[in-house]
Amino acid sequence: MSETPDTLVEPALARTPLDALHRELGARLVPFAGYDMPVQYPTGILKEHLHTRSQAGLFDVSHMGQLRLCGRAADAAAAAAALETLVPGDLLGLAPGRMRYTLLLNDGGGILDDLMVTNAGDHLFVVVNAACKHADLAHLQERLGDRVAIEVLADRALLALQGPAAAAVLARFVPAAAAMPFMSYAEARLRGIPVLLTRSGYTGEDGYEISVADDRAETVARLLLAEPEVAPIGLGARDSLRLEAGLCLYGHDIDRTTTPVEAGLSWTLGRRRRSEGGFPGFATIRDHLDHGPTRRRVGLRPDGRAPAREGTGIVDGGGRPLGHVTSGGFGPTVGGPIAMGYVASAGATPDTPVTLVVRGKPLPARVVTLPFVRQNYYRG
Amino acid sequence: MSLIKFTKDHEWIRVEGEVGTVGITNHAQHALGDIVFVELPEIGREVVQGGEAAVVESVKAASEVYAPVDGEVIAVNQALIEEPARVNTDPQGDGWFFRLTIADPAQLEALMDETAYQSHLEDLA
């Protein structure tokens, strides 16, 4: 039997503040973005996935980058104006205590990273991908360093509590958390421990991300895990949950070669920003908006049971290439194989039949609307 | 009386006369995690020792299953198509993959017995 990639050894991995807890819980640790991260616990990915959809899961996402951007003003407007020169989201329109998903773009409109930006009142709180955080920081320093003080919150852990029971669980410790709107931010205390809460996540479920000082992270994790609804969940289920929810994984579904319009992320382009521009790659993105891109990210549903993994070729009925799968696997809630990929725009209409070439064999599939499962975000 | 032998790549073969039944070991199923798909060889296919004979996919990744010896596939475990999780629950029983006629019994000599396989696993740990 061939080896799976996670058995390969890589040197000098960083550990998150929850490393000892992961080991105690029996996690299988794998290298991810330079960190030793739990891919699964003894429960296994399938059950962890289904548990998150039915109750609540606790994820360690401390490998992600947490930044604070401060402009030379008492509010976050100066930092927002500066950051708007690098992203297409409407950050000036972001009220205090609200957050937005946006994209760092290059001059061709390609995506350097996807990130969450929160107006924390007197500064912006920014969360970026682990694998991109060093490059992002260099990019922000170079482009904004003269106007904005950029602080890396290197001594903070990040936990995600996700699932339909997340709000009830967190409200036992922070009653105000239950009424937080989706995509909002609050500073709070959890059993006396200062935490930064956002009502957000990467699973398609209601839930929170909890930023907490390194040395208090394990205490917070143990408090949450002691609640009957909560189970520890690894990166394996995080990936299958986000794929079912139709959410992009940077470096796979989006990268420097994909624009927001191609990626189906036009909704992140603020209305004012679409007309005014003032962000990298505006000309290309405006052209994609006006005339349509030549390819689009779509959902794919293979017939049968064989998963189509990243890199699988997508062809039309005549065998002509349409594109490639960028994320693919098994959706535990769907109960079958699911994938996302890019296809020529003409073939991007839902229900278009396509063929996936898996191990040299044609596998019938069809284009479907994303997400694969209903998103269950909190709507008040 | 049957004889069971193991490969370093974590396949097992149970030998009964000229017929071998092939699957993956408990160690392999545990390392893979939840198995969601199995692709089995066609009956009549000639497989060669160390060559790809089947595919097993977990939630995370696809892995190849190699033929422990040369032979012709004479049966496959159709139950795995509908219930791939049988590989997790009973890897060395109900979770078998395929049966073949053993072309060259001498090839079995190079495989490990249970004791040797266990120490191979200890070396990997």
# chains A, B, ... in the order shown; residues from 1 in each chain; ligands from 1
$ interface_residues --of "chain A" --to "chain B" --cutoff "8 Å" --atoms "only C-alpha atoms" --output "PDB file with N, CA and C atoms, in the first residue's frame"
ATOM      1  N   MET A   1       0.836  -1.185   0.000  1.00  0.00           N
ATOM      2  CA  MET A   1       0.000   0.000   0.000  1.00  0.00           C
ATOM      3  C   MET A   1       0.878   1.244   0.000  1.00  0.00           C
ATOM      4  N   SER A   2       0.487   2.266  -0.786  1.00  0.00           N
ATOM      5  CA  SER A   2       1.331   3.466  -0.858  1.00  0.00           C
ATOM      6  C   SER A   2       1.148   4.314   0.392  1.00  0.00           C
ATOM      7  N   GLU A   3       2.196   5.071   0.712  1.00  0.00           N
ATOM      8  CA  GLU A   3       2.185   5.913   1.906  1.00  0.00           C
ATOM      9  C   GLU A   3       1.304   7.132   1.671  1.00  0.00           C
ATOM     10  N   THR A   4       0.629   7.575   2.705  1.00  0.00           N
ATOM     11  CA  THR A   4      -0.130   8.818   2.604  1.00  0.00           C
ATOM     12  C   THR A   4       0.795   9.977   2.958  1.00  0.00           C
ATOM     13  N   GLY A  44     -11.743  10.175  14.777  1.00  0.00           N
ATOM     14  CA  GLY A  44     -11.675  10.062  13.321  1.00  0.00           C
ATOM     15  C   GLY A  44     -12.416  11.182  12.609  1.00  0.00           C
ATOM     16  N   ILE A  45     -11.992  11.432  11.379  1.00  0.00           N
ATOM     17  CA  ILE A  45     -12.465  12.605  10.634  1.00  0.00           C
ATOM     18  C   ILE A  45     -13.971  12.563  10.382  1.00  0.00           C
ATOM     19  N   LEU A  46     -14.490  11.395   9.985  1.00  0.00           N
ATOM     20  CA  LEU A  46     -15.924  11.315   9.667  1.00  0.00           C
ATOM     21  C   LEU A  46     -16.778  11.720  10.864  1.00  0.00           C
ATOM     22  N   GLY A 236      -8.400  17.699   9.507  1.00  0.00           N
ATOM     23  CA  GLY A 236      -9.026  16.858   8.490  1.00  0.00           C
ATOM     24  C   GLY A 236     -10.492  17.208   8.329  1.00  0.00           C
ATOM     25  N   SER A 240     -12.937  19.068   5.326  1.00  0.00           N
ATOM     26  CA  SER A 240     -14.163  18.528   4.719  1.00  0.00           C
ATOM     27  C   SER A 240     -15.370  19.423   5.032  1.00  0.00           C
ATOM     28  N   ARG A 305     -19.210   6.836  -6.321  1.00  0.00           N
ATOM     29  CA  ARG A 305     -18.584   7.029  -5.018  1.00  0.00           C
ATOM     30  C   ARG A 305     -17.133   7.454  -5.062  1.00  0.00           C
ATOM     31  N   ALA A 306     -16.505   7.410  -6.228  1.00  0.00           N
ATOM     32  CA  ALA A 306     -15.071   7.691  -6.278  1.00  0.00           C
ATOM     33  C   ALA A 306     -14.802   9.177  -6.091  1.00  0.00           C
ATOM     34  N   PRO A 307     -13.996   9.552  -5.082  1.00  0.00           N
ATOM     35  CA  PRO A 307     -13.636  10.959  -4.930  1.00  0.00           C
ATOM     36  C   PRO A 307     -12.724  11.412  -6.062  1.00  0.00           C
ATOM     37  N   ARG A 309      -9.804  14.024  -6.557  1.00  0.00           N
ATOM     38  CA  ARG A 309      -8.935  14.842  -5.718  1.00  0.00           C
ATOM     39  C   ARG A 309      -8.405  16.052  -6.484  1.00  0.00           C
ATOM     40  N   GLY A 329     -12.892  15.610  -2.446  1.00  0.00           N
ATOM     41  CA  GLY A 329     -12.813  14.530  -1.476  1.00  0.00           C
ATOM     42  C   GLY A 329     -14.200  13.993  -1.214  1.00  0.00           C
ATOM     43  N   PHE A 330     -14.374  13.532   0.012  1.00  0.00           N
ATOM     44  CA  PHE A 330     -15.626  12.928   0.412  1.00  0.00           C
ATOM     45  C   PHE A 330     -16.317  13.896   1.367  1.00  0.00           C
TER      46      PHE A 330
END
$ residues_around --residues "range 11-20 of chain A" --least-positions-apart "5" --cutoff "9 Å" --atoms "only C-alpha atoms" --output "PDB file with N, CA and C atoms, in the first residue's frame"
ATOM      1  N   LEU A  25      -4.891  14.300  24.229  1.00  0.00           N
ATOM      2  CA  LEU A  25      -6.162  13.838  23.653  1.00  0.00           C
ATOM      3  C   LEU A  25      -5.959  12.755  22.596  1.00  0.00           C
ATOM      4  N   PRO A  31       2.548  17.757   9.829  1.00  0.00           N
ATOM      5  CA  PRO A  31       3.080  19.080   9.489  1.00  0.00           C
ATOM      6  C   PRO A  31       2.088  19.842   8.630  1.00  0.00           C
ATOM      7  N   PHE A  32       1.804  21.074   9.020  1.00  0.00           N
ATOM      8  CA  PHE A  32       0.923  21.922   8.218  1.00  0.00           C
ATOM      9  C   PHE A  32       1.390  23.365   8.379  1.00  0.00           C
ATOM     10  N   ALA A  33       1.759  23.979   7.269  1.00  0.00           N
ATOM     11  CA  ALA A  33       2.209  25.380   7.260  1.00  0.00           C
ATOM     12  C   ALA A  33       3.290  25.633   8.309  1.00  0.00           C
ATOM     13  N   GLY A  34       4.175  24.650   8.482  1.00  0.00           N
ATOM     14  CA  GLY A  34       5.288  24.829   9.410  1.00  0.00           C
ATOM     15  C   GLY A  34       4.963  24.500  10.855  1.00  0.00           C
ATOM     16  N   TYR A  35       3.750  24.052  11.105  1.00  0.00           N
ATOM     17  CA  TYR A  35       3.336  23.699  12.464  1.00  0.00           C
ATOM     18  C   TYR A  35       3.016  22.206  12.560  1.00  0.00           C
ATOM     19  N   ASP A  36       3.190  21.689  13.739  1.00  0.00           N
ATOM     20  CA  ASP A  36       2.737  20.350  14.068  1.00  0.00           C
ATOM     21  C   ASP A  36       1.266  20.496  14.463  1.00  0.00           C
ATOM     22  N   MET A  37       0.355  20.053  13.594  1.00  0.00           N
ATOM     23  CA  MET A  37      -1.076  20.318  13.828  1.00  0.00           C
ATOM     24  C   MET A  37      -1.865  19.014  13.917  1.00  0.00           C
ATOM     25  N   PRO A  38      -2.912  19.007  14.730  1.00  0.00           N
ATOM     26  CA  PRO A  38      -3.742  17.794  14.819  1.00  0.00           C
ATOM     27  C   PRO A  38      -4.610  17.623  13.571  1.00  0.00           C
ATOM     28  N   ASP A  60      -8.200  24.007  17.007  1.00  0.00           N
ATOM     29  CA  ASP A  60      -7.034  24.851  17.272  1.00  0.00           C
ATOM     30  C   ASP A  60      -6.577  25.432  15.936  1.00  0.00           C
ATOM     31  N   VAL A  61      -6.720  26.731  15.773  1.00  0.00           N
ATOM     32  CA  VAL A  61      -6.250  27.373  14.544  1.00  0.00           C
ATOM     33  C   VAL A  61      -5.207  28.442  14.885  1.00  0.00           C
ATOM     34  N   SER A  62      -4.418  28.118  15.921  1.00  0.00           N
ATOM     35  CA  SER A  62      -3.399  29.062  16.403  1.00  0.00           C
ATOM     36  C   SER A  62      -2.274  29.278  15.400  1.00  0.00           C
ATOM     37  N   HIS A  63      -2.194  28.424  14.372  1.00  0.00           N
ATOM     38  CA  HIS A  63      -1.168  28.615  13.353  1.00  0.00           C
ATOM     39  C   HIS A  63      -1.465  29.829  12.477  1.00  0.00           C
ATOM     40  N   ARG A 156      -0.568  35.125  20.818  1.00  0.00           N
ATOM     41  CA  ARG A 156      -1.986  34.803  20.991  1.00  0.00           C
ATOM     42  C   ARG A 156      -2.316  33.504  20.263  1.00  0.00           C
ATOM     43  N   ALA A 157      -3.116  32.695  20.915  1.00  0.00           N
ATOM     44  CA  ALA A 157      -3.673  31.488  20.301  1.00  0.00           C
ATOM     45  C   ALA A 157      -5.009  31.846  19.657  1.00  0.00           C
ATOM     46  N   ASP A 214      -1.563  33.188  24.641  1.00  0.00           N
ATOM     47  CA  ASP A 214      -0.940  31.854  24.628  1.00  0.00           C
ATOM     48  C   ASP A 214      -1.059  31.090  25.935  1.00  0.00           C
ATOM     49  N   ASP A 215      -0.709  31.790  27.016  1.00  0.00           N
ATOM     50  CA  ASP A 215      -0.585  31.094  28.307  1.00  0.00           C
ATOM     51  C   ASP A 215      -1.940  30.831  28.950  1.00  0.00           C
ATOM     52  N   ARG A 216      -3.031  31.333  28.359  1.00  0.00           N
ATOM     53  CA  ARG A 216      -4.363  31.037  28.887  1.00  0.00           C
ATOM     54  C   ARG A 216      -5.159  30.143  27.931  1.00  0.00           C
ATOM     55  N   ALA A 217      -4.576  29.826  26.793  1.00  0.00           N
ATOM     56  CA  ALA A 217      -5.315  29.110  25.750  1.00  0.00           C
ATOM     57  C   ALA A 217      -5.747  27.715  26.200  1.00  0.00           C
ATOM     58  N   GLU A 218      -4.843  27.018  26.873  1.00  0.00           N
ATOM     59  CA  GLU A 218      -5.193  25.653  27.273  1.00  0.00           C
ATOM     60  C   GLU A 218      -6.325  25.659  28.299  1.00  0.00           C
ATOM     61  N   ALA A 221      -9.478  26.208  26.356  1.00  0.00           N
ATOM     62  CA  ALA A 221      -9.811  24.991  25.591  1.00  0.00           C
ATOM     63  C   ALA A 221     -10.386  23.920  26.514  1.00  0.00           C
TER      64      ALA A 221
END
$ closest_residue --among "A:Arg53, A:Arg68, A:Arg98, A:Arg359" --to "His123 in chain A" --atoms "only C-alpha atoms"
A:Arg68
$ select_by_dssp --residues "range 232-364 of chain A" --states "strand (DSSP E)" --output "ChimeraX atom specification"
/A:232,295-302,313-315,321-331,336-344,353-358,361-364
